[in-house]
Amino acid sequence: MSKVFCGIDWAEGHHDIALVDQDGAQVAKLRISDDSAGFHALTELLARHGDTADFPIPVAIETPRGLLVASLRATGRQIYAINPLAAARYRDRGSVSRAKSDAADARVLANILRTDRHAHRPLPADSEAGQAVAALARAHQDAVWDRQQMINRLRSHLREYYPAALAAFHGPGKPGLDSPRARLILAAVPTPAEAAKLTRSQLRALLKRAARPRCGIDTEVERLRNIFRAESLRQLPQVELALGHQTAALVQQLDAACNSVAQLATATEAAFLTHPDADIITSFPGLSVLSGVRVLAEIGDDRERFADARAVKAYAGAAPVTRASGRSHVVVARTVKNQRLAAAGYMWAFAALRTEAPRVHYDRRRAGGERHTAALRNLFNKLLGCLYHCLQNRVHYEPDRAFASPLNLAA
């Protein structure tokens, strides 16, 4: 066990380092720059105080990301990402004056490891491929969210002056404002006055440049032409022209967002399919490549990260929380959880309802009086436990074993 503990108070331009011994005495402190020279200074300081390849000094820091953290993880040492709120509570244990400094915060982080290391978990030792998959999956999800924000902005803007565009592309059964068809036409005719002047041949030419509609080009031409030429409320001509320029700019931003989603999806799928866990994850009902990669990105490929299936369920928010005090006993859903994994799990469980065994499990929970969300969360809890077992034992999903009936289990 290490006799020295390191705390790092990180900042954008520099980092404060503190080393404490088993008795809590500070044995060294240093301020380093946020570059390779600063990292080498840190490793030299650690080496002078007993850091070796076999017994590396553990490090506490308030962030799990960044070049400094990545470089420290590459050395094979344990890195503890301490929640800033938790670190602030620890600070109050040592001083009631509310005095604060970067050097003192680094010392507090080091002392957290000295006193309560067992209560904190080190960053998982994910493989390089696993970390790459996680980076791409999160980037793709962020890009999807950004695209939806752009769609919402464009929709709100079109409601101000261009209701025909919404009637043509937005709503149930419509291609959507993010479709190539909608973006191409809105870029060509960003105002209702221009759209009303489109001829059949012009509309046909625009549609041929976009994805071919299922109903056929001629049918779509007539549908759009009738919508664009229908009577509607209009802004003043100069105001309408000004709003059209804004629409053109928003469509360009939406184009960029859609292209980013497509490029990241391709890269994410390629990285995920080469990962050794991909076949096991996609063997589960409801998990496609893109939904499976989001699950892998959040649980990682470090098999020692979670002590058991209960731990991963709690991390995902699938397991409930019991609050008992005196005569009060309440079981509620978790609010502190990995939000990305919880969101992916909801969609996973919902998609799994198309298969027989998960559907029977869901229907049984609903028949027992649970609401839709609670029953779906329970199904996610069940599937996540099965996934943990399959990944630990390197086996594929088998519905007969995953959803065995109580009679079969008793037998």
# chains A, B, ... in the order shown; residues from 1 in each chain; ligands from 1
call {"tool": "residues_around", "arguments": {"residues": "stretch 125-138 of chain A", "least_positions_apart": "6", "cutoff": "9 Å", "atoms": "only C-alpha atoms", "output": "JSON list (two decimals) with C-alpha atoms, in the first residue's frame"}}
result
[["chain", "number", "residue", "atom", "x", "y", "z"],
["A", 73, "ARG", "CA", -3.43, 7.05, -16.68],
["A", 76, "GLY", "CA", -0.56, 2.72, -14.96],
["A", 78, "GLN", "CA", -4.72, 4.74, -10.06],
["A", 264, "LEU", "CA", -19.46, 10.51, -36.60],
["A", 265, "ALA", "CA", -21.95, 7.65, -37.03],
["A", 267, "ALA", "CA", -16.60, 6.42, -37.49],
["A", 268, "THR", "CA", -18.41, 5.19, -34.38],
["A", 269, "GLU", "CA", -19.78, 2.10, -36.09],
["A", 271, "ALA", "CA", -14.67, 1.53, -34.11],
["A", 272, "PHE", "CA", -17.39, -0.41, -32.31],
["A", 274, "THR", "CA", -13.78, -3.98, -34.22],
["A", 275, "HIS", "CA", -14.17, -4.11, -30.43],
["A", 290, "LEU", "CA", -25.42, 2.72, -32.49],
["A", 293, "VAL", "CA", -21.97, 1.46, -28.72],
["A", 294, "ARG", "CA", -23.55, 3.95, -26.29],
["A", 296, "LEU", "CA", -20.30, 0.10, -24.18],
["A", 297, "ALA", "CA", -19.10, 3.71, -24.01],
["A", 298, "GLU", "CA", -20.56, 4.17, -20.53],
["A", 300, "GLY", "CA", -16.41, 0.46, -20.52],
["A", 301, "ASP", "CA", -14.46, -2.74, -21.09],
["A", 302, "ASP", "CA", -12.69, -2.90, -17.71],
["A", 303, "ARG", "CA", -14.19, -6.06, -16.25],
["A", 304, "GLU", "CA", -12.99, -5.10, -12.74],
["A", 305, "ARG", "CA", -14.76, -1.76, -12.79],
["A", 340, "ARG", "CA", -26.16, 8.92, -20.87]]
call {"tool": "select_by_dssp", "arguments": {"residues": "stretch 51-80 of chain A", "states": "strand (DSSP E or B)", "output": "PyMOL selection string"}}
result
chain A and resi 59-61+79-80
call {"tool": "select_by_dssp", "arguments": {"residues": "stretch 5-223 of chain A", "states": "helix (DSSP H, G or I)", "output": "number ranges by chain"}}
result
A: 36-48, 67-74, 84-94, 102-119, 128-159, 163-169, 180-188, 192-196, 200-209, 217-223
call {"tool": "residues_around", "arguments": {"residues": "stretch 159-170 of chain A", "least_positions_apart": "3", "cutoff": "12 Å", "atoms": "only C-alpha atoms", "output": "PyMOL selection string"}}
result
chain A and resi 151-156+173-187+189-196+220-244+246-247
call {"tool": "closest_atom_pairs", "arguments": {"of": "stretch 67-127 of chain A", "to": "stretch 18-41 of chain A", "cutoff": "10 Å", "atoms": "only C-alpha atoms", "output": "CSV"}}
result
residue,atom,partner,partner_atom,distance
A:Leu67,CA,A:Asp35,CA,8.7
A:Leu68,CA,A:Phe39,CA,7.2
A:Ser71,CA,A:Phe39,CA,8.1
A:Leu72,CA,A:Phe39,CA,8.6
A:Asp102,CA,A:Arg31,CA,9.4
A:Ala103,CA,A:Ala18,CA,7.0
A:Ala104,CA,A:Ala18,CA,8.3
A:Asp105,CA,A:Ala18,CA,8.7
A:Ala106,CA,A:Ala18,CA,5.3
A:Arg107,CA,A:Ala18,CA,5.2
A:Val108,CA,A:Ala18,CA,8.7
A:Leu109,CA,A:Ala18,CA,8.4
A:Ala110,CA,A:Val20,CA,6.3
A:Asn111,CA,A:Gly24,CA,6.5
A:Ile112,CA,A:Gly24,CA,10.0
A:Leu113,CA,A:Val20,CA,9.6
A:Arg114,CA,A:Gln22,CA,6.5
A:Thr115,CA,A:Gln22,CA,8.8
call {"tool": "closest_atom_pairs", "arguments": {"of": "stretch 244-290 of chain A", "to": "stretch 342-349 of chain A", "cutoff": "9 Å", "atoms": "only C-alpha atoms", "output": "CSV"}}
result
residue,atom,partner,partner_atom,distance
A:Pro285,CA,A:Trp348,CA,8.0
A:Gly286,CA,A:Trp348,CA,5.1
A:Leu287,CA,A:Trp348,CA,5.9
A:Ser288,CA,A:Trp348,CA,8.8
call {"tool": "write_last_selection", "arguments": {"atoms": "all heavy atoms", "output": "compact mmCIF listing (two decimals), in the first residue's frame"}}
result
# COMPACT_ATOMS: atom_id res chain seq x y z
N PRO A 285 -31.51 -8.34 -27.59
CA PRO A 285 -32.64 -7.71 -28.30
C PRO A 285 -32.72 -6.23 -27.95
O PRO A 285 -32.52 -5.82 -26.81
CB PRO A 285 -33.86 -8.47 -27.75
CG PRO A 285 -33.42 -8.96 -26.40
CD PRO A 285 -31.97 -9.28 -26.56
N GLY A 286 -33.00 -5.42 -28.96
CA GLY A 286 -33.14 -3.99 -28.74
C GLY A 286 -31.86 -3.20 -28.89
O GLY A 286 -31.90 -1.96 -28.84
N LEU A 287 -30.73 -3.87 -29.05
CA LEU A 287 -29.45 -3.17 -29.17
C LEU A 287 -28.94 -3.27 -30.61
O LEU A 287 -28.56 -4.36 -31.06
CB LEU A 287 -28.41 -3.73 -28.21
CG LEU A 287 -28.52 -3.30 -26.74
CD1 LEU A 287 -27.39 -3.91 -25.92
CD2 LEU A 287 -28.51 -1.79 -26.61
N SER A 288 -28.93 -2.15 -31.31
CA SER A 288 -28.32 -2.08 -32.63
C SER A 288 -26.86 -1.66 -32.45
O SER A 288 -26.35 -1.59 -31.33
CB SER A 288 -29.07 -1.06 -33.49
OG SER A 288 -28.96 0.23 -32.92
call {"tool": "residues_around", "arguments": {"residues": "A:Arg334", "least_positions_apart": "6", "cutoff": "7 Å", "atoms": "only C-alpha atoms", "output": "ChimeraX atom specification"}}
result
/A:317,320-321
call {"tool": "closest_residue", "arguments": {"among": "A:Asn338, A:Gln141, A:Thr219, A:Ser260", "to": "A:Leu203", "atoms": "only C-alpha atoms"}}
result
A:Thr219
